[in-house]
Each structure stands twice: as structure tokens, then as C-alpha cells.
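Some notes on the structure that comes next.
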Amino acid sequence: MYLSVNWIKDWVKLPKDLTPKQLANDLTMSTVEVEEVIDQADSLKGIVVGKIKEITKHPKADRLQVCSVSLGDREEQIVCGGVNLTTGMLVAVATIGSRVRWHGEGDWVTLEQVKIRGVQSVGMIAAASEIGLTNLFPVKSEKDILDLSKFNLKVGENLASALGLDDFIIDIDNKSINHRPDLWGQYGLAREIAAIYRTKLKDYVVSNISLKDEVKLKVSVRDKEKCFRYLGLVIKNIKIQASPWWLQTRLQAVGIRPINNIVDVTNFVMYELGQPMHAFDAKQVDKNQIEIKTAKKGEKFISLDGTKRKLSEDYLMIADSKKYIALAGIMGGQNSEINSDTTDIILESANFKAANVRRTSTALGLRSESSTRFEKSLDPELAEQAIKKASELILEISKESYVASKLIDVNNNPFETINLKVEEKLINDRFGVDVPQKDIQDILTRLQFEVKYKAGIFDIKVPSFRATKDISIPEDIVEEVARIYGYDNIQAILPKVSIQSPIIDVALKASRDIRYWLSQAHSYSEVYTYPFTNIAWAEKLGFDTKDFIKVTNSFTPELQYLNLSLLPNLLTKAEENLRFFDQINIFELDRVFDKSANSIYAVSHGKKKYLPLQDKYLTGVSVVNLSAQEAFLQTKGLLENLQDYLGIDWTLEATELSYSKLAYVIKHQDVVLGHYGLLNKELLDSGTKSVQTTWWEFNFSVLVKYLNRNKVYQSISKFPSIIRDVAILIDEDVQWTDLSVEIYKLSNIIVSVEPFDVFMGKGVPAGQKSLAFHVELRSPEKTLESEDADVLVKEITGVLKKKFKAVQR
Amino acid sequence: MEIKLKSLKNRIIKELDEVKDAKFVADLKTKYLGRKGELATILKGLKDLTIEEKPRIGQLANEVKKELVVLFDRAEKLWHGQADEGVDFDPTLPGNRKDKGHLNPSTIVQYEIEDAFSKMGFTVYDGPQLESDYYNFTALNIPEDHPARDTQDTFWVEGKNLLRTHTSNLQIRMLEKHGAPFRGIFPGRVFRYEATDASHDHTFYQLEGLMIDKDINIGNLIATMKTLLSSVFQTDVDVRLRPGFFPFVEPGFEMDIKCLICDGDGCSVCKQSGWLELMPCGMVHPKVLEATGVDPKEYSGFAFGLGLTRMTMMKYRIDDIRLLQSGDLRFLNQF
């Protein structure tokens, strides 16, 4: 939304020396967020009014002419290709150093003095497109330069001030006025500005128009729930033409392209009051009958942008006795559009239900200046001011025209007058400091609230333009006072509350610990991925998309399915990183979404319906340039370390997964905590690199239930241990687990059995492996003698021979 | 025998003085103190002594033995490792580092901020990312057809649920659960269905905070935020409030922080304004309190929303938001 500083000066006298920048800043601090301040004259800097004195042919170019141009204080020679040049013509001259766009295209360039085919050219006689004025001067032919002869201009004057294009525009962030239906027009903004500077605001004056009863306009509102007010009248004998210059520059200032006097007037009123209007060509409206009713499903309508639109039963339409002529509050129809032959119009100024306009325009994907305003809940009072103002302007601009009907007004305004009783104490309590009662009253009055004060209570009548949804509770009044009084006047004082130590959540603490542990104690880096699954990888891992929660309004494949596992995205990231790294260890800790089960989160308070399960998962992927055994054991080692770190008692159980040649379930008793495995090699595209990929994942939300961080000290043994090494030859299929279990069974003085060398190949018979391991022995009761160890080693080799046919080496 | 012992001791002391390396010490030790060493030989003579002499000489022998053991210990310690004397490598070579992983910078910043809030008694809470319309919008005073919904383009998911567009859903959930008084923060992942570019991503992080107690006012909000932000930025910061509209607060504000780069003088970072937009905040709307069963007549409070992703980008001067979730180790390895 643009605020034109020149425009608001119609009603407010701004403080002397107030710069547009300061105004923007003050608005930001009290009312709305300003995006930028635009100096309208800036782009026309160095462009002046010139008068062509003499035209001669260019000696070397047929299509060029050499002009002598008066710039008031001097004359310059300028080469020009314009075909409409005449002596005495007033033109726009871009002087050296000004900015232009060649042929109205490309970037703005700074004009330099040049020789054009041998002839000096000091400046340029500009076409409208070359100085950015096509909105005001539609280009008929590309070769035409801008002819300003119809204006009464002083030669040598700056073009911007000569044409009244020296406004300052304040660009207001629309988001910051979503809740303020009154700020969608210049007058509403002027009201705010007057309150901020405590200066007088002129009333918005509309004169009474003289009406006739020559044409019977009939308005029937069939749906009072959706149309709160409808005003209409007929104006006849209009001549469609360009608007007067003052009107065009006003529209230009707020970014609207002037079209013709009727459309321009409706736009002008919309930008001045915030009330959208529409003008129908009366000859296209059957029997001057207007009906406001909802559409039927499946009906069609062509809006004035030429698009054929499918209607639905909730859409509110404007119709005549036979057909639809507008989408209420959104856009008119092609069938009744104003064109150059229009002589009679029906002027509409209405108020439609915000929610319905919003829903319809969203459904149609059609946003207009009109719908943007209606969906904010406009004040139905505005409609009357607007139609009177617009009629007044049309009669003034198109001299022959007259109002040929009565002013029809079907008023079902549902908004009631809001009276609020606000305690002075509430304002001061929320503020934190006492605001003088006189100031409160003054501020509210300037914002056009009616205020009475008695015994600590303000009795406030909310003006209609703030009463449609904006102001409804005493807290709203607190804001009104506070923002104008100035947030700078608030004293920052720390709250007086009791000391309270935060509650430490076990799961959050554990997630923090594990993140640090994995990244700082181990070489895993923390990756964040999106909640949307990479489907290609999900399918490779055997997931079925129908198990995923689907995003219903997204049609891009990357944003369609919510993660059911973090693994597909982590593998994607691992694969991407392989281009730059040979070894990748990454992990992620976040939620996944599972529609097959319920979470603890209810969909609304007290309801027994729950959101889908969204447990947190802790998942890691490791891609290394190692053998499968090394890669697998490295990850297994990490998990063993993790088990120690978390103090969880878990066991591993082999399982089968289509994508992993080796996979295990990690369980605490019967509860599945997670999985890990060695990924099938062909699944990961590693380019020319030979790598092995391992993965692991825990349901973190389940895992944290079994955390045991309560360690208990075990007294250090008084007796030393003895370590013996044993080397055997054994069948290659014998697994370490089976073998070590047998060893441990032998005696309780065996503290640990750890392999340190496994070898197959040269020197070892086929089908066998050489295995060497340490055995650590310690008695809780005495210092073991060497002989005790000898005996036990013999027992070990004995049992290995008996059970596994192992031979001691 | 007494003489033998004393002369042995002197001899050993002398020889240890001339020792050049650890091996020589070991040899001497074997020679004199070993099982078949000279001391042992001498001590064998104890049995031939008279009963009168035995205790005295025996004691002497023990003392000598003790002394010798001490001497050898000292010599061994002195000469241990001596064979490796001299540096035959290049110490300027880089050290052997252990591979180390890296945290996502957003995590680092989140934890720093959590710690600052924790010290002021704010508890960290966590909640669902897939949320219902009720908790994400309706209970926050954003009914259906409210234009504020437009500013938060939403990913809708099957079951008429959505991906939360802000961490404000936890204002409702936590107040419902814990009631007033309340002091908590909710860091987390949020989603907006927007086109992505260097400064927009559809997935990003916020840190929402809520404080409800008796007699909480706007001045308290400013002071609390000033204290917290000073702790987060490790320097005294200045803040200001200006109007901002969010349906779940009334009044609502945007809080700006005086530009830390130029100290308010105006620079390119703050677009010459001297202030940086930092967070939306406001006094909790009575309807929000009512929706959660807290009596707005008794309690008031403030809520605020820090852009965690934006803070991370500011802190590390990251110029492309998408890097944070790129998983690119060339980026992550810098943190």
C-alpha cells in the first residue's frame, strides 16, 4: 500500500521541516511498518522541459535529425530519431548525467555527451518509455517522442515539478495493515498522521448530489448474510476520455495506471477512502436490475481479465435479471465492462462479508485490490461516502453527465456500535508507567474515539471504521494509547516474580548430550534435512509411499511425503557429499511422522482424537573407504560405546532387511530401540570410489525411556590380573560369539576374552582361520599364580578343541 | 664382613657415578644386586657369623641393601629412555589430529540461547511439528478466513492437519498442560510453503518464549528481553518496540535491536536505520489465556518469537539460508 505525501496534505498540515524519511520513521514507531520511501522525482532528475527551435536533417543518417533545443537558459544541439518532431514542440530533454532506458528497455544508464554519426548530441529528446512515464503517456508508436505541447509548461523547468510528479511515496508493508481496514486509503492514513503529530485533521467532505428519477434502478439483495450493504445509482451522458492530469498524477503516485475517467474515479475513491467500487456499463445491464445472490455449482463466468471461471455455490455474484455481471467484491465481468462507447453507467458501492470474499478469491486464485480490501472487514458506512464522492467527481470531470436515478441503498449492516468501559488502571498496569488521564483522552479523541471519563473508567465509543473487527476489547484500547503515547516512554523494569529454577527435561538433555558426544567425541557431523522424504531413496529402502503422510497442497515431488524414517534423506546427503569427501559420518536427530499410530498430542483440548505419532529418531550413516568387515565393526564399536555412554542394557538380534546384507535389531528386553546394518553396496552411487556404507537408527523417544545415567562405583580389585595370549587354528565358520561364550563358561576368574588377530590365507589351511586372543584372568580372592593361568589356558584350548576342533598354534 | 659391605657400597656409588646409559645401570644392578650378585654372595656369609655379631651385621646388611636399592632406583630413573636421546623428526609437521565431527550451527546457537533463558528460570519445552488447525491457528485467535493465515503459507497434510507454521502452537499446549504462572521457551522447526531463495526456506527454526504471571507489563517485556539479549550477544544491547500485529497478542510489537555492527549510526547491515528487526512479541491476548483456562483477570504475560535461523545467519554471517539444511560437509565442517 502506497501513501502519497502530497495526497494526505489535502487533510493534514504536516509539521514544518518534517522530512518524508522522518514521517516514515514516525509511522513505523506508531502505526505501520514502512518498507521504503520513494522520491518520485528521483528517476526524473536532470530531465527538463525543452522547446524545439530548429530541425535540420542529419548529414549522414536519413532517419536522424539534428535539433536545436531551448532549455530556457541555454540552447543545445541534440540528435533525435523521433518521427513526430515539429518546431515549437515542448519536449522532455534528458540532459547529460540524467538516467534513461534506451528504447524503454534494459537497465537505466547515465546519459553521456556523444557524437552520433559524427554530430555532437548534448542530451536526448526522450520518448515516454525512455524516462519511465508510459503509465501516464501511453506510447502510440515506438518512434514517437513525448509531446508535452498540450501542457502549459515553462521551458527549462524540471519535468518532475512541471508535471506534478515530485511526490514522496511511502511504501507500507501490507502485512502490517492486515488488521486495520481503515488504513487501506489515504484518508485513514491521514487520520493516523494527524494523531501522531497532534495536528488537526480536516473532515472528509462529500457534497450532496442532485438525483433524478429518470431511470428506475432496482437492487435486490438475496443473500443478506454475505452482502451487508449495497448502494447503486445510474449516471447518464458520460463521455469516456482520459482523466484530468491531477487525477492521473494521484493514481500514478499510488502505483495505479490511469485508464479512463470512469475507471480512474473508482480507483481514486478506493485509494482515498479504502472502499472498492465498480462501474457497470448500464446498457449491458438488463432492465437496470441488480441482484446479489450466490452462484450455483458448475456455472461459468468470464471476469474482465478475460478468464473463464468455474463457479461454486458459495460464491457471491452480482447479476442482472439474466446473467452474472460481477464476482462480488473481487472483479467485474467482461460482459458489462466500461469501454470507449459507454455513455451510461451503474455505479456500485457495496459491503460484502470479509470471510466470503476471502474464501472465494482464494478458491479462484484471484486476488484484486478490491478483494484485498474487502477481506479486511470494511466499515459499511464507507460505501455511502464513496459513492457520493465518486458521483461528485464524475459529474465534475464529465461535464454533460448527470445522475439519472435515485441513490439506492440496501443496508443490512450487521455491525453494532461498540462501547467499551476501560479501567484507567488496566492501561497503566499494562504500560508499566502511569499515563496522564488527559493524554489518554486526547490520544483516543484524535483517533476519533468518543471518550468520557468518570472515576477511573473511560467510557469509549469506538468509531465505526474501527468497529468491524479491529477494536473489540479493552486490551485493544491499551494498544491504541500506548502506540501513540510512544513505546519509548515505557520504563524497562524486570518483572517482580519469584525465583524459579527451570525443569530439566530428560529427553532434551539427552539429545543435547548425544549431539555433543557424536560430534565432539566421535567424528559424526550433525546434518539437518527437510521433513520431506527423498522418494527415490525411500523406494530403494523398500518403503511404500502409501505409508507416508502426504502433503495435500503440494505438487512438487520433493515436498510431498513426510519422513517416516530419517534414513532416505541422510543417504541422499551422504551420496551428495561423496563428490567432495572420501569418508562421511553424519547423523540427524529429529521427528518422523507415522500415520499408523497415534501420538500423545490431542487435536484439540479435551478431544479424544490424536495427531499421528511423531517420535524423534536418531539416525546415522557412515560411508568409509574400508573393507566391509572394518566398516561394520567400526559402526558396531560406535554403538557399543554409545551403549556404555547411555547405560542402556540392550541386545542385538540378527534380522533381514532387503537393503542391508547384514542387519541387526537393537532391543531392550522385548522393546525395539533401533536397527543397524551394512548397506547393500550397489544401492549407493559412489562414482569411482570404492566404499562401504553402514547405517544405524534409534527411536530416540523410546530410547530415552531406558537411559540409566546413575552409575555406581565398583571397588577396584586388590589383586592383579594376568593376561595370556592364545592362538588357535579353527574352522572359518565358527563365530566369535559362540567361541567366547564357551570360554567364559569355564571359570569366573576370566575377566575378559578379546580377539586381536584374525587371519586367513597364506600359511593357514584352507577352510580355517588363525585366531589369536587375549585372556585376562583375575581372582577376587587372591593373587593368581602363573601356574593357575597355565591350567586355565589348557582348559580353554581343551574346550575349543572339543567343541570346535580348534588346534592350538 | 662389615668391611666387605662398606667397600661394596662405596664401589657401587663410584661406579654409578660413571654410568653413561640405562643398560650400564641394568648390568651393574645384576652384577651387584642380582640373585647371584655380589651382595647376595656376601650375605650368604651371615650364617657363619656368631650369635653376638648376627643382629648387628644383619641390621647393617639390611641398611646397605636398602641404600643400594634406592641408589639403583635413582640411577634407573635418571637413565631410563636415555637411548632415544636426540630429536630425529621434524616437529613443525602438523599434529596428528583425531577426526572430529561438527554440530549444525543452528544447534550451537539454539543451545547458547537456551542457556541464557535457563539462567532466568525459563524451562525448555518441545512439542509436535505436525499440528492440528486448532493449536496452530484457532486457539491462537486466528480463526478460519483470518487474513493472518495468508501471511503464513501452510503445508496441509492428510487428516486435515498441517505442519506448524510457528512454534506458537506450544503456547497453547504448554499453558493447557502447566497453567499459570509459566515461564518457558520452545525452540523448534517450523514450516511455510514458500518459494525458496537465499533468504527464504520452507523449513526453518524459531524459538518462542512465554512468560505468564501476575502483573506482567510491557516494561517487563522490554527489560527481560534486554537482559536476555545482552546475555545472548555477550554485550549490552538496546532494544525498541514498535507496533506489530499478531492475532495472539494485544498489544503486539516488533522488537528491534540497535545495530550491533554500527552501534546505531547506520550501516549497510541495518539499511542505514541503526536498528535491526529482531522479533515479534507482545502481551498475550486474553483470548489465548481463556482458551487455555488461564484467567486473564488474574494473569497477564508476554510472548516473543526469536528467529533462530536468522540469529544463526547473523552470528556466522551466513548469506544463504539453504546451506543450513544442505547437509553439505564443506559448510558444516566450519563449525
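Starting from 1 in every chain, residues are counted up; chains themselves are A, B, ... following the order of the C-alpha cells, and ligands are numbered from 1 as listed.
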
Quiz prompt | Nearby residues (only C-alpha atoms) at most 7 Å from Cys227 of chain A, same-chain spacing under 2 positions excluded, as a list in words | solution =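 Skipping anything fewer than 2 positions along the chain leaves Asp223, Lys224, Glu225, Arg229, Asn351, Phe352 and Lys353 of chain A.
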
Non-local contacts of Ile549 of chain A (12 Å; only C-alpha atoms; under 4 positions in same chain excluded) as a compact mmCIF listing (two decimals) with N, CA, C and O atoms, in the first residue's frame:
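See out30.txt below for the written result:
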# COMPACT_ATOMS: atom_id res chain seq x y z
N PRO A 531 11.79 -32.16 6.33
CA PRO A 531 10.88 -33.21 6.80
C PRO A 531 10.27 -34.00 5.64
O PRO A 531 9.52 -34.93 5.86
N PHE A 532 10.62 -33.58 4.43
CA PHE A 532 10.05 -34.24 3.25
C PHE A 532 11.03 -35.28 2.73
O PHE A 532 12.22 -35.02 2.59
N THR A 533 10.48 -36.46 2.45
CA THR A 533 11.34 -37.60 2.09
C THR A 533 11.80 -37.58 0.64
O THR A 533 11.03 -37.23 -0.25
N ASP A 544 6.99 -47.97 1.09
CA ASP A 544 5.87 -47.83 0.17
C ASP A 544 5.26 -46.45 0.43
O ASP A 544 4.91 -46.12 1.57
N THR A 545 5.13 -45.62 -0.62
CA THR A 545 4.68 -44.24 -0.40
C THR A 545 3.30 -44.16 0.26
O THR A 545 2.98 -43.17 0.88
N LEU A 559 8.38 -32.19 -2.13
CA LEU A 559 7.68 -31.69 -0.95
C LEU A 559 6.36 -32.42 -0.72
O LEU A 559 5.37 -31.85 -0.35
N GLN A 560 6.38 -33.75 -0.98
CA GLN A 560 5.09 -34.43 -0.97
C GLN A 560 4.86 -35.42 0.17
O GLN A 560 3.74 -35.58 0.62
N TYR A 561 5.92 -36.04 0.62
CA TYR A 561 5.76 -37.07 1.64
C TYR A 561 6.59 -36.75 2.87
O TYR A 561 7.76 -36.41 2.76
N LEU A 562 5.97 -36.88 4.03
CA LEU A 562 6.70 -36.61 5.27
C LEU A 562 7.55 -37.82 5.68
O LEU A 562 7.12 -38.96 5.52
N ASN A 563 8.71 -37.53 6.21
CA ASN A 563 9.64 -38.59 6.61
C ASN A 563 8.99 -39.62 7.52
O ASN A 563 8.36 -39.27 8.52
N LEU A 564 9.21 -40.86 7.17
CA LEU A 564 8.80 -41.96 8.04
C LEU A 564 10.06 -42.51 8.69
O LEU A 564 10.03 -43.24 9.68
N SER A 565 11.18 -42.15 8.09
CA SER A 565 12.50 -42.52 8.61
C SER A 565 13.43 -41.42 8.16
O SER A 565 13.19 -40.75 7.16
N VAL A 592 10.02 -38.04 13.04
CA VAL A 592 9.47 -38.63 11.82
C VAL A 592 7.97 -38.82 12.06
O VAL A 592 7.51 -38.77 13.20
N PHE A 593 7.24 -39.01 10.99
CA PHE A 593 5.78 -38.93 11.08
C PHE A 593 5.14 -40.24 10.62
O PHE A 593 5.34 -40.67 9.49
N ASP A 594 4.38 -40.83 11.52
CA ASP A 594 3.88 -42.18 11.27
C ASP A 594 2.36 -42.22 11.45
O ASP A 594 1.86 -42.11 12.57
N LYS A 595 1.66 -42.37 10.34
CA LYS A 595 0.20 -42.32 10.46
C LYS A 595 -0.40 -43.62 10.99
O LYS A 595 -1.59 -43.67 11.29
N SER A 596 0.41 -44.65 11.10
CA SER A 596 -0.15 -45.93 11.55
C SER A 596 -0.36 -45.96 13.07
O SER A 596 -0.89 -46.91 13.61
N ALA A 597 0.09 -44.90 13.75
CA ALA A 597 -0.10 -44.90 15.21
C ALA A 597 -0.40 -43.49 15.68
O ALA A 597 -0.12 -42.51 14.99
N LEU A 611 -3.15 -36.63 17.11
CA LEU A 611 -2.31 -36.44 15.92
C LEU A 611 -1.50 -37.71 15.67
O LEU A 611 -1.30 -38.50 16.58
N PRO A 612 -1.03 -37.88 14.45
CA PRO A 612 -0.20 -39.06 14.17
C PRO A 612 1.05 -39.07 15.05
O PRO A 612 1.52 -38.03 15.50
N LEU A 613 1.57 -40.27 15.23
CA LEU A 613 2.79 -40.45 16.01
C LEU A 613 3.92 -39.67 15.36
O LEU A 613 4.06 -39.68 14.14
N GLN A 614 4.67 -38.95 16.17
CA GLN A 614 5.81 -38.21 15.62
C GLN A 614 7.00 -38.30 16.56
O GLN A 614 7.46 -37.30 17.10
N LEU B 130 3.95 -31.76 13.45
CA LEU B 130 2.72 -31.97 12.66
C LEU B 130 1.60 -31.60 13.63
O LEU B 130 1.50 -32.19 14.70
N PHE B 155 1.69 -25.78 4.82
CA PHE B 155 1.70 -27.12 4.25
C PHE B 155 0.59 -27.89 4.94
O PHE B 155 0.65 -28.14 6.15
N TRP B 156 -0.45 -28.23 4.21
CA TRP B 156 -1.52 -29.04 4.78
C TRP B 156 -1.21 -30.49 4.52
O TRP B 156 -0.71 -30.84 3.45
N VAL B 157 -1.50 -31.33 5.50
CA VAL B 157 -1.24 -32.76 5.31
C VAL B 157 -2.53 -33.53 5.50
O VAL B 157 -3.51 -33.00 6.02
N GLU B 158 -2.51 -34.78 5.06
CA GLU B 158 -3.72 -35.57 5.12
C GLU B 158 -4.25 -35.64 6.56
O GLU B 158 -3.49 -35.53 7.51
N GLY B 159 -5.54 -35.80 6.68
CA GLY B 159 -6.16 -35.79 8.01
C GLY B 159 -6.48 -34.38 8.46
O GLY B 159 -6.71 -34.14 9.63
N LYS B 160 -6.46 -33.43 7.51
CA LYS B 160 -6.78 -32.03 7.80
C LYS B 160 -5.85 -31.42 8.84
O LYS B 160 -6.20 -30.51 9.57
N ASN B 161 -4.64 -31.99 8.94
CA ASN B 161 -3.64 -31.42 9.82
C ASN B 161 -2.67 -30.61 9.00
O ASN B 161 -2.83 -30.45 7.79
N LEU B 162 -1.64 -30.09 9.65
CA LEU B 162 -0.71 -29.22 8.95
C LEU B 162 0.67 -29.31 9.59
O LEU B 162 0.83 -29.88 10.68
N LEU B 163 1.66 -28.78 8.90
CA LEU B 163 2.97 -28.64 9.51
C LEU B 163 2.96 -27.28 10.18
O LEU B 163 2.62 -26.28 9.56

*If you count only C-alpha atoms, which residues fall within 6 Å of segment 168-173 of chain A, apart from same-chain ones fewer than 4 positions away, as a ChimeraX atom specification?*
/A:1-5,33-40

ask   = Do you know which residues are at most 12 Å from Gln272 of chain B counting only C-alpha atoms, after dropping those on the same chain fewer than 4 positions away, and could you put them as a ChimeraX atom specification?
value = /A:21,36 /B:258-259,261-268,276

I need the residues from that last selection saved to file as a short mmCIF file (atom, residue, chain, number, x, y, z; two decimals), in the first residue's frame (with C-alpha atoms), if you can.
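Dumped everything to out_22.cif:
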data_model
loop_
_atom_site.label_atom_id
_atom_site.label_comp_id
_atom_site.auth_asym_id
_atom_site.auth_seq_id
_atom_site.Cartn_x
_atom_site.Cartn_y
_atom_site.Cartn_z
CA LYS A 21 12.06 9.92 6.00
CA GLU A 36 10.81 2.33 1.85
CA LYS B 258 20.18 -1.43 17.95
CA CYS B 259 22.51 -2.50 15.17
CA ILE B 261 27.66 -3.61 13.69
CA CYS B 262 27.42 0.21 13.62
CA ASP B 263 26.06 0.79 17.13
CA GLY B 264 23.07 2.60 15.69
CA ASP B 265 24.92 5.00 13.42
CA GLY B 266 23.58 3.36 10.29
CA CYS B 267 25.35 0.88 8.03
CA SER B 268 24.56 -1.48 5.20
CA LEU B 276 17.60 -4.41 13.11
#

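The nearest approach to Glu176 of chain B among the residues A:Lys661, A:His605, A:Lys438, A:Lys287, with only C-alpha atoms taken into account, belongs to A:His605.
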
What are the DSSP strand (DSSP E or B) residues of segment 82-290 of chain B, as JSON, numbers by chain?
{"B": [123, 124, 130, 131, 132, 156, 157, 161, 162, 163, 182, 183, 184, 185, 186, 187, 188, 189, 190, 191, 197, 200, 203, 204, 205, 206, 207, 208, 209, 210, 211, 212, 213, 239, 240, 241, 242, 243, 249, 250, 251, 252, 253, 254, 255, 256, 257, 258, 275, 276, 277, 278, 279, 280, 281, 282, 283, 284]}
